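A.B. asks: Provided herewith is a single structure, encoded as structure tokens, for subsequent inquiry.
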Amino acid sequence: MSRIVGIDLGTTNSLVAYMDHGTPRVIAARHERAMVPSVVALTDNGLIVGDSAKEHLTRTPERTVYSVKRFMGKSLADVQGELAYFPYTLTEKGGVIRIKLGEKSYSPPQISAMILKELKLRAEAFLGESITKAVITVPAYFNDSQRQATKDAGMIAGLEVLRIINEPTAASLAYGLQEKTQGTIAVYDLGGGTFDISILKLKNGIFEVLATNGDTHLGGDDFDQLIADLFLTEIRTQYGLDLSTHPDHMQAVRLEAERAKIRLSDELKTTAGLDLPDGKGRFTRELTRDQLDGLCTALVERTLGPCRLAVKDSGLAPGDIDEVVLVGGSTRMPLVRQRVQALFGKQPHCELNPDEVVALGAAVQADILSGGTTDMLLLDVTPLSLGIETMGGVMSSLIRRNTTIPASAKEMFTTYVDGQTGVDIHILQGERELAKDNRSLARFRLKVPPLPAGVPRIEVTFLIDANGILNVMAKDMRTGETQSIEVKPSYGLSDQEVERMIEDSFKFAADDVSARKLIEARLDAGALITTTEKSLADGGHLVATGNVEAIRTALSALATAKDGTDPRAIRARMADIEQAAKGLTVAMLDDSLKQGLQGKKVSDVT
Amino acid sequence: MNGHIHNTDDRRELQMARSMCWHCQSEMAGEYFCDRCVKVQPVSKDLDYFTCFGLPRRLALNPQTLETKFYELSRAFHPDFYQNKSDEEQTISLGNSAMLNTAYRTLRDPIQRAEYLLDLEAGSVKDIRTTPPADLFEEILELQDTLDEFRASDRASESASTLRTKLHADRATLEQRQRDIEAQLLQLFSRWDALQDRGEATEQARTERGRILKEMRDILSNRTYVKNIVNDLVATIA
């Protein structure tokens with residue numbers, strides 16, 4: 001089975017990891033961090049991703065997309081309240097948000113796919129092999145539409161997504177592998193844009209999730225925004241300057257707010273500074289940790305409600321939790337640590353890098369799927385109740401939240417009118433009483449043979465698979481025939497749309513070609529180094545010392561080029577070696593010919 | 001299923017019903033895996049949850065034993081371990097896992113376990129009406145009035161505060177009643193298990209069996225009623 005990588009597709013940063021002989025490791029490009037900023041920018045030279053794209057946030061804010069994860073599986077109406085904060089243009093088509101970049105518009109899964117592709121390329125360059133399979137993490141509290149959108153992103157990036165796994169549970173796998181812990185643990189995961197809490201029971205390699213809760217719209221981004229709002233207000237009063245009309249400066253404020261926040265995790269006070277437009281000079285401001293805490297307290301408090309609910313849903317009290325694990329960059333904030341510690345009455349664990357632990361866990365899950373790790377098994381739950389709309393617009397729950405997945409429920413449907421040929425079914429997800437207050441997942445029409453009312457009996461099976469994604473099947477109980485169902489997602493791409501986006505991504509895959517060239521050049525270079533070294537060892541004595549030296553110099557030049565990213569440079573150094581080793585090759589051929597001729601009569605040869 | 005399949009021999013017969021391996025068509029002797037080709041087999045729809053866990057159809061149940069068996073079967077069925085297998089095997093693994101998870105959730109909770117047993121032994125529990133305990137009828141009518149009055153009242157008023165105090169007292173009474181009902185249920189559990197252990201086939205045993213099942217049905221229906229009232233009460237005074 002080909003290698004499966006683990007990917008943490010984060011709001012602010014993304015990472016790819018792999019399993020190296022039983023130890024998960026994140027993959028860093030040469031001289032770069034393992035973290036790839038989840039930023040995509042349209043430049044004159046095309047689309048770019050990561051650190052280089054992040055530099056465009058302040059230069060071309062209207063063409064630089066960040067925090068796209070917030071829009072996955074969402075409609076424009078869902079994010080209306082925060083549109084003002086984003087400098088790029090959002091529209092909607094068929095219930096799915098589109099992001100305008102230059103002439104073209106992209107769905108959030110397409111933008112995410114660009115980030116995934118960057119990670120895929122990194123992994124391919126590092127591992128020297130083609131990568132087509134991945135485990136991708138999502139916030140545990142992601143609903144069906146958001147999970148499906150993530151899976152679509154993987155497909156568009158040319159990855160077979162073998163599993164969608166929850167971020168906090170992925171983290172627990174990474175911790176579990178390291179510590180061989182037993183008992184009850186709480187994983188508190190506060191990332192760039194989302195918050196999750198999961199309560200797990202660890203026993204003999206089984207990771208059983210007891211309950212999960214969260215808020216898919218609460219994270220470090222929101223802290224940054226509060227600080228940025230403070231700066232913006234002060235700039236307005238002190239300089240009479242409204243920066244909201246300067247998108248580039250808005251981004252600069254947001255980035256400076258983030259940097260100040262990060263510094264305050266280690267320091268008690270810091271100075272933030274910003275260059276102002278219109279020749280207004282420079283805004284500087286001292287910010288103390290106490291002031292930061294004051295700004296963020298309400299947001300941090302908002303995470304505690306879901307924590308208490310999750311503990312209650314798992315049938316426990318906060319004191320029953322044996323270990324607390326912190327995940328996500330935002331848990332570096334001292335305020336967050338204090339509140340979590342106070343709630344559970346325990347010093348939380350943060351031994352593993354909170355930025356990397358989710359990707360590491362995804363790599364562990366990938367190894368389980370490929371059959372490498374066999375002693376660990378994750379039993380996860382569905383975060384939200386699944387149901388259907390019944391008479392009077394009420395939601396009737398079929399699979400309760402925190403049910404272990406895979407989970408299924410069967411429901412029998414019949415007709416109310418003679419000759420009725422269809423039954424409309426509306427699938428919902430959420431905890432509220434009324435259908436309209438819950439998330440609409442999909443609608444479909446069940447085909448029914450025209451018969452007297454009440455006679456048809458169609459059994460519909462709702463199955464939530466191990467990815468937390470819903471599958472629907474229908475069976476006519478009278479004929480035993482199964483019916484394929486065309487489910488129209490309420491907030492997602494249709495299969496045809498995903499297909500088209502995959503095709504599109506091939507069309508614009510110039511980057512892919514160059515990456516492929518690099519991988520192939522590296523592989524060829526590796527082979528050439530091996531054979532040349534062997535030739536030197538076997539036949540080095542046949543040529544002049546100066547020639548041996550020349551070959552060695554060319555070899556080390558190739559080794560350096562191989563670590564670089566330019567396939568042409570690698571090919572050039574390979575040609576150098578072939579040139580330098582020409583004499584050696586000829587000498588060795590002659591030698592072997594001579595050896596072959598020894599002991600033979602001249603008459604035999606001619 | 002109605003009431004007659006409850007001894008060990010019948011259960012064995014149920015399993016024999018799905019007699020052939022879907023893959024190699026050999027006769028099935030193994031429990032969940034074919035003895036010959038080692039392929040996973042779909043769990044029969046007729047297999048009840050107790051049998052699935054290798055447990056006798058008893059109501060007292062050691063949660064540790066149940067959990068151990070659940071983990072063991074999860075390791076056998078979970079889709080994670082079928083990633084490299086054929087589509088058929090992946091489908092079976094998915095179906096079996098979903099069934100196993102439902103079975104575990106049902107048996108783990110004493111109330112759901114009792115409802116399930118009742119369903120197996122005496123037909124659909126969906127027919128159970130939620131009925132108030134006979135002796136509480138008057139009190140519950142009065143409580144409903146108090147609730148209506150409280151909902152209509154101005155929360156800040158003095159009368160509302162009196163009503164609230166009364167509702168809190170009612171809540172304590174009802175919650176105690178809920179605990180009593182659950183204790184009664186547990187007693188029935190022991191009576192049922194003892195009867196099963198004796199395994200008598202006499203007329204007397206049959207009568208006793210019918211009586212226990214009827215009592216169980218009544219208690220469960222009272223419990224649901226009281227529980228709904230308590231939930232409503234808690235939501236109103238919260």
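In the structure tokens, each chain is lettered A, B, ... as it comes, each chain's residues begin at 1, and ligands are numbered from 1 in order of appearance.
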I'd like a table as JSON lines: residues in chain A with an atom no more than 6 Å from chain B, each row giving the shortest atom pair and its distance in Å to one decimal, only C-alpha atoms counted, sorted by chain and rising residue number.
C.D. replies:
```
{"residue": "A:Leu369", "atom": "CA", "partner": "B:Asp80", "partner_atom": "CA", "distance": 5.3}
{"residue": "A:Pro406", "atom": "CA", "partner": "B:Ala98", "partner_atom": "CA", "distance": 4.8}
{"residue": "A:Ala407", "atom": "CA", "partner": "B:Ala98", "partner_atom": "CA", "distance": 4.5}
{"residue": "A:Ser408", "atom": "CA", "partner": "B:Ala98", "partner_atom": "CA", "distance": 5.7}
```
A.B. asks: Output the selection as a tab-separated table (two decimals), in the first residue's frame - all heavy atoms for each residue.
C.D. replies:
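Once written, part-v7.tsv looks like this:
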```tsv
chain	number	residue	atom	x	y	z
A	369	LEU	N	-4.46	3.14	9.44
A	369	LEU	CA	-5.20	2.76	8.23
A	369	LEU	C	-4.36	1.95	7.27
A	369	LEU	O	-4.87	1.08	6.57
A	369	LEU	CB	-5.73	4.01	7.51
A	369	LEU	CG	-6.77	4.83	8.26
A	369	LEU	CD1	-7.23	6.00	7.41
A	369	LEU	CD2	-7.96	3.97	8.64
A	406	PRO	N	-18.88	4.34	13.45
A	406	PRO	CA	-20.06	4.43	12.58
A	406	PRO	C	-21.36	4.23	13.37
A	406	PRO	O	-21.40	3.43	14.30
A	406	PRO	CB	-19.86	3.29	11.59
A	406	PRO	CG	-18.46	2.85	11.72
A	406	PRO	CD	-18.00	3.23	13.06
A	407	ALA	N	-22.40	4.95	12.97
A	407	ALA	CA	-23.69	4.83	13.63
A	407	ALA	C	-24.77	4.81	12.57
A	407	ALA	O	-24.65	5.49	11.54
A	407	ALA	CB	-23.91	6.01	14.56
A	408	SER	N	-25.81	4.03	12.82
A	408	SER	CA	-26.89	4.03	11.83
A	408	SER	C	-28.24	4.05	12.50
A	408	SER	O	-28.39	3.69	13.66
A	408	SER	CB	-26.77	2.81	10.91
A	408	SER	OG	-27.07	1.64	11.63
```
A.B. asks: Could you pull out the alpha helix (DSSP H) residues of range 132-166 of chain B from DSSP and send them as number ranges by chain?
C.D. replies: B: 137-152, 158-166
A.B. asks: To one decimal place in Å, what is the distance between CA of Tyr141 in chain A and CA of Asp196 in chain A?
C.D. replies: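 Between CA of Tyr141 in chain A and CA of Asp196 in chain A the gap works out to 6.4 Å.
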A.B. asks: With a distance cut-off of 10 Å and only C-alpha atoms, select the neighbouring residues of range 195-212 of chain B, excluding the residue or stretch itself and same-chain residues fewer than 4 positions from it, and output the selection as a list in words.
C.D. replies: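 Near neighbours after the sequence-gap exclusion: Gly3, His6, Asn7, Pro56, Arg57, Arg58, Leu118, Glu121, Ala122, Leu188, Phe189, Ser190, Arg191, Met216, Arg217 and Asp218 of chain B.
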A.B. asks: Just the residues within 7 Å of Ala140 in chain A, please, counting only C-alpha atoms, with nothing from its chain fewer than 6 positions along; format it as a PyMOL selection string.
C.D. replies: chain A and resi 166-168+196+212+383
A.B. asks: Do you know which residues are at most 7 Å from range 462-473 of chain A counting only C-alpha atoms, after dropping those on the same chain fewer than 6 positions away, and could you put them as a ChimeraX atom specification?
C.D. replies: /A:144,147-148,163-165,382,405-410,483-485
A.B. asks: Neighbours of range 140-150 of chain B within 12 Å (only C-alpha atoms; same-chain residues fewer than 4 positions away dropped), as JSON, numbers by chain?
C.D. replies: {"B": [131, 132, 133, 134, 135, 136, 154, 155, 156, 157, 158, 159, 160, 161, 162, 163, 164, 165, 166, 167, 168, 169, 170, 171, 173, 174, 225, 226, 228, 229, 230, 232, 233, 234, 235, 236, 237]}
A.B. asks: Residues within 10 Å of Asp229 in chain A, please, as a short mmCIF file (atom, residue, chain, number, x, y, z; two decimals) with all heavy atoms, in the first residue's frame. Count only C-alpha atoms; anything in the same chain fewer than 6 positions from it doesn't count.
C.D. replies:
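Output file around02.cif is given in full below:
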```cif
data_model
loop_
_atom_site.label_atom_id
_atom_site.label_comp_id
_atom_site.auth_asym_id
_atom_site.auth_seq_id
_atom_site.Cartn_x
_atom_site.Cartn_y
_atom_site.Cartn_z
N PHE A 223 -9.36 36.80 18.96
CA PHE A 223 -8.54 37.58 19.89
C PHE A 223 -7.85 38.71 19.13
O PHE A 223 -7.86 39.86 19.56
CB PHE A 223 -7.48 36.71 20.57
CG PHE A 223 -8.05 35.59 21.41
CD1 PHE A 223 -7.61 34.28 21.24
CD2 PHE A 223 -9.00 35.84 22.38
CE1 PHE A 223 -8.13 33.25 22.02
CE2 PHE A 223 -9.52 34.82 23.16
CZ PHE A 223 -9.09 33.51 22.98
N ILE A 235 -6.55 54.84 16.92
CA ILE A 235 -6.01 55.57 15.76
C ILE A 235 -7.03 56.59 15.28
O ILE A 235 -6.69 57.72 14.91
CB ILE A 235 -5.62 54.58 14.63
CG1 ILE A 235 -4.40 53.77 15.07
CG2 ILE A 235 -5.34 55.31 13.32
CD1 ILE A 235 -4.05 52.60 14.17
N MET A 250 -5.46 47.87 7.24
CA MET A 250 -6.30 47.01 8.10
C MET A 250 -5.57 45.70 8.36
O MET A 250 -5.54 45.19 9.47
CB MET A 250 -7.64 46.71 7.42
CG MET A 250 -8.61 47.87 7.38
SD MET A 250 -9.27 48.28 8.99
CE MET A 250 -10.56 47.05 9.12
N VAL A 253 -2.68 46.17 10.73
CA VAL A 253 -3.14 46.27 12.11
C VAL A 253 -3.42 44.86 12.68
O VAL A 253 -3.00 44.51 13.78
CB VAL A 253 -4.42 47.14 12.21
CG1 VAL A 253 -4.98 47.11 13.63
CG2 VAL A 253 -4.12 48.58 11.80
N ARG A 254 -4.10 44.06 11.87
CA ARG A 254 -4.45 42.70 12.31
C ARG A 254 -3.18 41.88 12.59
O ARG A 254 -3.07 41.20 13.60
CB ARG A 254 -5.29 42.03 11.22
CG ARG A 254 -6.08 40.82 11.65
CD ARG A 254 -6.90 40.27 10.50
NE ARG A 254 -6.08 39.82 9.38
CZ ARG A 254 -5.50 38.60 9.33
NH1 ARG A 254 -5.70 37.74 10.30
NH2 ARG A 254 -4.77 38.26 8.30
N ALA A 257 -1.48 43.15 15.69
CA ALA A 257 -2.25 42.70 16.86
C ALA A 257 -1.87 41.25 17.19
O ALA A 257 -1.63 40.91 18.35
CB ALA A 257 -3.75 42.80 16.58
#
```
A.B. asks: Running DSSP on the backbone, which parts of range 202-380 of chain A land in strand (DSSP E), as a ChimeraX atom specification?
C.D. replies: /A:202-203,206-215,269-275,282-288,323-327,377-379
A.B. asks: May I ask for the distance between CA of Asn13 in chain A and CA of Val36 in chain A, given in Å to one decimal place?
C.D. replies: 5.4 Å
A.B. asks: Using only C-alpha atoms, which of A:Val327, A:Ala310, A:Val68, A:Leu523 sits nearest Asp221 in chain A?
C.D. replies: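 For Asp221 in chain A, the nearest of the given residues is A:Val68.
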A.B. asks: Quote the spacing between CA of Phe195 in chain A and CA of Ala228 in chain A in Å to one decimal place.
C.D. replies: 20.6 Å
